[in-house]
$ cat final-v5.csv   # CSV, C-alpha atoms
chain,number,residue,atom,x,y,z
A,1,MET,CA,9.7,184.3,76.7
A,2,ASN,CA,12.9,182.4,77.6
A,3,GLU,CA,15.8,184.2,76.0
A,4,ARG,CA,17.1,181.1,74.5
A,5,PHE,CA,14.1,180.9,72.2
A,6,ASP,CA,13.8,184.6,71.4
A,7,PHE,CA,13.2,184.5,67.6
A,8,THR,CA,12.8,188.2,66.9
A,9,GLU,CA,16.2,188.5,65.2
A,10,PHE,CA,15.8,185.3,63.3
A,11,SER,CA,15.5,185.1,59.5
A,12,MET,CA,12.1,184.6,58.0
A,13,SER,CA,13.6,182.6,55.2
A,14,LYS,CA,14.2,179.2,56.9
A,15,ARG,CA,12.2,176.3,55.5
A,16,ILE,CA,11.4,173.1,57.4
A,17,LEU,CA,10.2,169.9,55.8
A,18,ILE,CA,8.1,167.6,58.1
A,19,ALA,CA,8.0,164.0,57.1
A,20,LEU,CA,4.8,162.0,57.9
A,21,THR,CA,4.1,158.3,57.6
A,22,SER,CA,1.8,157.0,54.9
A,23,HIS,CA,1.2,153.7,56.8
A,24,ALA,CA,-2.2,153.2,58.4
A,25,ASN,CA,-2.2,149.6,59.8
A,26,LEU,CA,-0.8,148.7,63.2
A,27,GLY,CA,0.8,145.4,62.1
A,28,THR,CA,-1.7,142.5,62.2
A,29,THR,CA,-3.6,143.9,65.2
A,30,GLY,CA,-6.5,145.2,63.0
A,31,LYS,CA,-6.0,148.6,64.6
A,32,LYS,CA,-5.2,151.8,62.8
A,33,THR,CA,-2.1,154.0,63.2
A,34,GLY,CA,-0.4,156.8,61.4
A,35,TYR,CA,1.5,160.0,62.4
A,36,TYR,CA,0.9,161.2,65.9
A,37,LEU,CA,-0.8,164.6,65.8
A,38,SER,CA,1.0,166.3,68.7
A,39,GLU,CA,4.4,165.3,67.2
A,40,VAL,CA,3.3,167.6,64.3
A,41,SER,CA,1.2,170.3,66.0
A,42,HIS,CA,3.8,171.1,68.7
A,43,PRO,CA,6.8,171.5,66.3
A,44,VAL,CA,4.7,173.5,63.9
A,45,SER,CA,3.8,175.9,66.7
A,46,VAL,CA,7.5,176.5,67.5
A,47,PHE,CA,8.4,176.9,63.8
A,48,ALA,CA,5.6,179.3,63.2
A,49,GLU,CA,6.7,181.4,66.1
A,50,ALA,CA,10.2,181.4,64.6
A,51,GLY,CA,8.8,182.6,61.3
A,52,PHE,CA,9.7,179.5,59.4
A,53,GLN,CA,7.9,178.1,56.4
A,54,VAL,CA,6.7,174.5,57.0
A,55,ASP,CA,6.0,172.0,54.3
A,56,PHE,CA,4.9,168.4,54.5
A,57,VAL,CA,6.2,165.3,52.7
A,58,SER,CA,5.1,161.6,53.0
A,59,PRO,CA,6.3,158.4,51.2
A,60,GLN,CA,3.1,158.1,49.1
A,61,GLY,CA,2.1,161.8,49.0
A,62,GLY,CA,-1.5,162.9,49.5
A,63,GLU,CA,-3.3,162.5,52.8
A,64,PRO,CA,-1.5,160.5,55.4
A,65,PRO,CA,-3.3,158.8,58.3
A,66,MET,CA,-3.5,160.8,61.5
A,67,ASP,CA,-3.4,159.2,65.0
A,68,GLY,CA,-3.5,160.6,68.5
A,69,ILE,CA,-6.3,163.1,67.8
A,70,ASN,CA,-6.8,164.7,71.2
A,71,ARG,CA,-8.5,168.1,71.1
A,72,THR,CA,-7.9,168.7,74.8
A,73,ASP,CA,-4.4,169.6,73.8
A,74,PRO,CA,-4.7,173.2,72.7
A,75,LEU,CA,-2.0,173.0,70.1
A,76,ASN,CA,-3.7,170.0,68.5
A,77,ALA,CA,-7.0,171.9,68.5
A,78,ALA,CA,-5.4,174.9,66.9
A,79,PHE,CA,-3.7,172.8,64.3
A,80,LEU,CA,-7.0,170.9,63.4
A,81,ASP,CA,-8.9,174.2,63.2
A,82,ASP,CA,-6.3,175.9,60.9
A,83,ALA,CA,-7.7,175.4,57.4
A,84,ASP,CA,-4.4,176.2,55.7
A,85,ARG,CA,-2.5,173.6,57.8
A,86,MET,CA,-5.1,171.0,57.3
A,87,ARG,CA,-5.0,171.6,53.5
A,88,GLN,CA,-1.2,171.1,53.6
A,89,VAL,CA,-1.3,167.8,55.6
A,90,LYS,CA,-4.1,166.5,53.4
A,91,ASN,CA,-2.0,167.2,50.3
A,92,THR,CA,1.5,166.1,51.2
A,93,VAL,CA,4.1,166.0,48.5
A,94,ARG,CA,6.0,162.9,47.4
A,95,PRO,CA,9.7,163.0,48.1
A,96,ASP,CA,10.6,162.9,44.4
A,97,ALA,CA,8.8,166.2,43.9
A,98,ILE,CA,10.9,168.0,46.4
A,99,ASP,CA,14.2,169.9,45.9
A,100,PRO,CA,16.3,169.4,49.1
A,101,SER,CA,18.4,172.5,48.4
A,102,GLN,CA,15.3,174.5,49.3
A,103,TYR,CA,15.2,173.3,52.9
A,104,ASP,CA,17.2,174.0,56.0
A,105,ALA,CA,16.0,171.0,58.0
A,106,ILE,CA,13.9,167.9,57.8
A,107,VAL,CA,11.9,166.7,60.8
A,108,TYR,CA,10.6,163.1,61.0
A,109,ALA,CA,7.4,163.1,63.0
A,110,GLY,CA,6.6,159.9,64.9
A,111,GLY,CA,3.6,157.6,65.2
A,112,HIS,CA,3.8,153.9,65.0
A,113,GLY,CA,3.1,153.9,61.3
A,114,THR,CA,6.7,155.1,60.7
A,115,MET,CA,8.1,151.8,61.8
A,116,TRP,CA,6.7,150.1,58.6
A,117,ASP,CA,7.3,152.6,55.8
A,118,PHE,CA,10.1,155.0,56.9
A,119,PRO,CA,12.9,152.4,56.8
A,120,GLU,CA,11.9,151.6,53.2
A,121,ALA,CA,11.3,155.2,52.1
A,122,THR,CA,14.4,155.7,49.8
A,123,GLY,CA,13.0,159.0,48.6
A,124,LEU,CA,12.9,160.4,52.2
A,125,GLU,CA,16.4,158.9,52.8
A,126,LYS,CA,17.8,160.8,49.8
A,127,LEU,CA,16.2,164.0,50.9
A,128,ALA,CA,17.5,163.8,54.4
A,129,ALA,CA,21.0,162.9,53.3
A,130,ALA,CA,21.1,165.8,50.9
A,131,ILE,CA,19.8,168.3,53.5
A,132,TYR,CA,22.3,167.1,56.0
A,133,GLU,CA,25.3,167.1,53.7
A,134,LYS,CA,24.6,170.7,52.6
A,135,GLY,CA,24.8,171.8,56.2
A,136,GLY,CA,21.2,171.4,57.2
A,137,VAL,CA,19.6,169.7,60.3
A,138,VAL,CA,18.0,166.3,60.5
A,139,ALA,CA,15.6,165.8,63.4
A,140,ALA,CA,13.2,163.0,64.5
A,141,VAL,CA,10.9,162.4,67.4
A,142,CYS,CA,9.5,159.2,69.1
A,143,HIS,CA,9.2,156.6,66.3
A,144,GLY,CA,10.2,159.2,63.7
A,145,PRO,CA,13.9,158.0,64.1
A,146,ALA,CA,12.8,155.0,62.1
A,147,GLY,CA,13.4,157.3,59.2
A,148,LEU,CA,17.1,157.7,60.2
A,149,VAL,CA,17.7,153.9,59.9
A,150,PRO,CA,18.2,153.8,56.1
A,151,ILE,CA,20.1,157.1,55.8
A,152,ARG,CA,23.6,156.7,54.4
A,153,LEU,CA,25.9,159.6,53.7
A,154,SER,CA,28.1,159.9,50.7
A,155,ASN,CA,30.9,158.1,52.5
A,156,GLY,CA,28.6,155.1,52.8
A,157,LYS,CA,28.3,155.3,56.6
A,158,PRO,CA,24.9,155.5,58.5
A,159,LEU,CA,24.0,159.0,59.4
A,160,VAL,CA,23.5,158.0,63.0
A,161,GLU,CA,26.9,156.3,63.4
A,162,GLY,CA,29.0,158.0,66.0
A,163,HIS,CA,26.1,160.3,67.1
A,164,ARG,CA,24.3,160.4,70.4
A,165,VAL,CA,20.6,159.7,69.7
A,166,THR,CA,17.3,158.9,71.4
A,167,SER,CA,13.9,157.5,70.3
A,168,PHE,CA,10.9,155.7,71.7
A,169,THR,CA,12.8,153.2,74.0
A,170,ASN,CA,12.5,149.5,74.2
A,171,GLU,CA,11.1,150.0,77.7
A,172,GLU,CA,8.4,152.3,76.4
A,173,GLU,CA,7.5,149.9,73.6
A,174,GLN,CA,7.1,147.2,76.2
A,175,ALA,CA,5.0,149.5,78.3
A,176,VAL,CA,2.5,150.0,75.5
A,177,ASN,CA,2.5,146.2,74.8
A,178,LEU,CA,3.7,146.6,71.2
A,179,THR,CA,7.1,144.9,71.4
A,180,GLY,CA,5.8,141.9,69.5
A,181,VAL,CA,3.9,144.0,67.0
A,182,VAL,CA,6.4,146.5,65.6
A,183,PRO,CA,8.8,145.0,63.0
A,184,PHE,CA,11.9,145.9,65.1
A,185,LEU,CA,12.8,147.7,68.3
A,186,LEU,CA,14.0,151.2,67.4
A,187,GLU,CA,16.4,151.6,70.3
A,188,SER,CA,18.1,148.4,69.4
A,189,LYS,CA,18.3,149.2,65.7
A,190,LEU,CA,19.9,152.6,66.2
A,191,THR,CA,22.5,151.0,68.5
A,192,GLU,CA,23.2,148.4,65.9
A,193,LEU,CA,23.9,151.2,63.4
A,194,GLY,CA,26.7,152.6,65.6
A,195,ALA,CA,24.7,155.3,67.5
A,196,THR,CA,25.2,155.9,71.2
A,197,PHE,CA,21.6,155.6,72.6
A,198,VAL,CA,20.8,158.0,75.4
A,199,GLY,CA,17.4,157.2,77.0
A,200,ALA,CA,15.5,158.8,79.9
A,201,PRO,CA,12.8,157.5,82.2
A,202,LYS,CA,9.9,156.2,80.2
A,203,PHE,CA,7.5,158.8,78.8
A,204,SER,CA,9.5,161.8,80.1
A,205,ALA,CA,10.5,164.6,77.8
A,206,HIS,CA,14.0,164.1,76.5
A,207,VAL,CA,15.8,165.7,73.6
A,208,VAL,CA,19.4,164.9,72.4
A,209,THR,CA,21.3,167.2,70.1
A,210,SER,CA,24.4,165.8,68.5
A,211,GLY,CA,25.8,168.3,66.0
A,212,ARG,CA,23.1,168.8,63.4
A,213,LEU,CA,21.2,165.7,64.4
A,214,VAL,CA,18.3,166.2,66.8
A,215,THR,CA,16.2,163.4,68.3
A,216,GLY,CA,13.4,163.2,70.9
A,217,GLN,CA,12.3,160.2,72.9
A,218,ASN,CA,8.5,160.4,72.8
A,219,PRO,CA,5.5,162.6,72.2
A,220,ALA,CA,6.4,164.7,75.3
A,221,SER,CA,9.6,165.6,73.5
A,222,ALA,CA,8.0,167.0,70.3
A,223,LYS,CA,8.1,170.7,71.3
A,224,GLY,CA,11.7,170.3,72.6
A,225,ILE,CA,13.0,168.9,69.3
A,226,ALA,CA,11.6,171.8,67.4
A,227,GLU,CA,13.2,174.3,69.9
A,228,ALA,CA,16.5,172.4,69.5
A,229,VAL,CA,16.3,172.6,65.7
A,230,VAL,CA,15.7,176.4,65.9
A,231,GLN,CA,18.7,176.7,68.2
A,232,VAL,CA,21.0,174.7,65.9
A,233,LEU,CA,20.0,176.8,62.9
A,234,ARG,CA,20.5,180.0,64.9
A,235,GLU,CA,24.0,178.9,65.7
A,236,ALA,CA,24.9,177.6,62.2

$ encode --input "final-v5.csv" --output "structure tokens"
Amino acid sequence: MNERFDFTEFSMSKRILIALTSHANLGTTGKKTGYYLSEVSHPVSVFAEAGFQVDFVSPQGGEPPMDGINRTDPLNAAFLDDADRMRQVKNTVRPDAIDPSQYDAIVYAGGHGTMWDFPEATGLEKLAAAIYEKGGVVAAVCHGPAGLVPIRLSNGKPLVEGHRVTSFTNEEEQAVNLTGVVPFLLESKLTELGATFVGAPKFSAHVVTSGRLVTGQNPASAKGIAEAVVQVLREA
């Protein structure tokens, strides 16, 4: 194993909260969406290796819609075949039932559904702000950074202001022909909020760590953001 991610000396007590979208409709296209499976299965594998406890939250609670179900990905298959994990994701907790003091990090998984409900999810916003301001980590991947948009810290400033961040880029949104479907372009919105956007060539793995804020550009970055979260927590 790469020495950087040798978890043998790491505490078993770390708890990670993974936020999943509750939104199932891809705009007015008539197609379905939700959270993107590999953006959950890949981080979960990293956190499990680190000995972390993982819990799931969604704006509406209960079973969120799953997208990107590809069993040729072995981590997806392992996740889908894990009865305990599937029980967890089919019974997510609502934000108002969670004590943020119990968590060391919150990770916003992506999937296009996030673009509709994460920006309006005030419960998630409060959880993330509380975790961050007590010294925890906030992370997001692909369209998950839509959850960063509403977060304001106790000083009234956007969480992302002054940070280097990435997300699904405008170029990538155009490449999948959804520029006119999503309610806004995530790269543009993060920039408007005062973040310095750092993109990479489309669909390549790319992770940006800015203090205790970790962001990944696309599904290929899902494992990388989890590894970065572990690294930040190790160094805390």

$ atom_distance --input "final-v5.csv" --atom1 "atom CA of Gly111 of chain A" --atom2 "atom CA of Leu233 of chain A"
25.4 Å

$ closest_residue --input "final-v5.csv" --among "A:Glu39, A:Glu161, A:Glu49, A:Glu120" --to "Leu213 of chain A" --atoms "only C-alpha atoms"
A:Glu161

$ residues_around --input "final-v5.csv" --residues "Gly123 of chain A" --least-positions-apart "2" --cutoff "8 Å" --atoms "all atoms listed in the file" --output "list in words"
Pro59, Pro95, Asp96, Ala121, Glu125, Lys126 and Leu127 of chain A

$ atom_distance --input "final-v5.csv" --atom1 "atom CA of Leu80 of chain A" --atom2 "atom CA of Gly216 of chain A"
23.1 Å

$ closest_atom_pairs --input "final-v5.csv" --of "segment 109-135 of chain A" --to "segment 165-178 of chain A" --cutoff "12 Å" --atoms "only C-alpha atoms" --output "tab-separated table"
residue	atom	partner	partner_atom	distance
A:Ala109	CA	A:Ser167	CA	11.3
A:Gly110	CA	A:Phe168	CA	9.1
A:Gly111	CA	A:Phe168	CA	10.0
A:His112	CA	A:Leu178	CA	9.6
A:Thr114	CA	A:Phe168	CA	11.8
A:Met115	CA	A:Phe168	CA	11.0

$ closest_residue --input "final-v5.csv" --among "A:Val160, A:Val229, A:Ile69, A:Leu26" --to "Trp116 of chain A" --atoms "only C-alpha atoms"
A:Leu26

$ atom_distance --input "final-v5.csv" --atom1 "atom CA of Pro219 of chain A" --atom2 "atom CA of Val182 of chain A"
17.4 Å

$ axis_aligned_box --input "final-v5.csv" --around "segment 194-203 of chain A" --padding-each-side "8 Å" --output "lines of an AutoDock Vina configuration file"
center_x = 17.1
center_y = 155.7
center_z = 73.9
size_x = 35.2
size_y = 22.2
size_z = 32.6

$ closest_residue --input "final-v5.csv" --among "A:Arg164, A:His143, A:Lys14, A:His42" --to "Ala195 of chain A" --atoms "all atoms listed in the file"
A:Arg164

$ residues_around --input "final-v5.csv" --residues "Val207 of chain A" --least-positions-apart "2" --cutoff "9 Å" --atoms "all atoms listed in the file" --output "ChimeraX atom specification"
/A:141,165-166,205,209,214-217,221-222,224-225,228

$ closest_residue --input "final-v5.csv" --among "A:Gly62, A:Gly113, A:Pro100, A:Gly135" --to "Met86 of chain A" --atoms "all atoms listed in the file"
A:Gly62

$ closest_atom_pairs --input "final-v5.csv" --of "segment 82-169 of chain A" --to "segment 15-22 of chain A" --cutoff "7 Å" --atoms "all atoms listed in the file" --output "Markdown table"
| residue | atom | partner | partner_atom | distance |
| --- | --- | --- | --- | --- |
| A:Tyr103 | CA | A:Arg15 | CA | 5.0 |
| A:Asp104 | CA | A:Arg15 | CA | 5.5 |
| A:Ala105 | CA | A:Ile16 | CA | 5.1 |
| A:Ile106 | CA | A:Leu17 | CA | 4.7 |
| A:Val107 | CA | A:Ile18 | CA | 4.7 |
| A:Tyr108 | CA | A:Ala19 | CA | 4.8 |
| A:Ala109 | CA | A:Leu20 | CA | 5.8 |
| A:Gly113 | CA | A:Thr21 | CA | 5.8 |
| A:Thr114 | CA | A:Thr21 | CA | 5.2 |
| A:Asp117 | CA | A:Thr21 | CA | 6.8 |
| A:Phe118 | CA | A:Thr21 | CA | 6.9 |

$ residues_around --input "final-v5.csv" --residues "Thr122 of chain A" --least-positions-apart "6" --cutoff "12 Å" --atoms "only C-alpha atoms" --output "number ranges by chain"
A: 58-60, 94-96, 128-129, 147-152

$ closest_residue --input "final-v5.csv" --among "A:Gly194, A:Gly61, A:Pro201, A:Gly27" --to "Ile98 of chain A" --atoms "all atoms listed in the file"
A:Gly61

$ closest_residue --input "final-v5.csv" --among "A:Ser45, A:Ser38, A:Thr29, A:Ser188" --to "Pro145 of chain A" --atoms "all atoms listed in the file"
A:Ser188

$ residues_near_point --input "final-v5.csv" --point "(1.4, 173.6, 63.4)" --cutoff "12 Å" --atoms "all atoms listed in the file" --output "number ranges by chain"
A: 16, 18, 37-56, 74-89, 222-223, 226
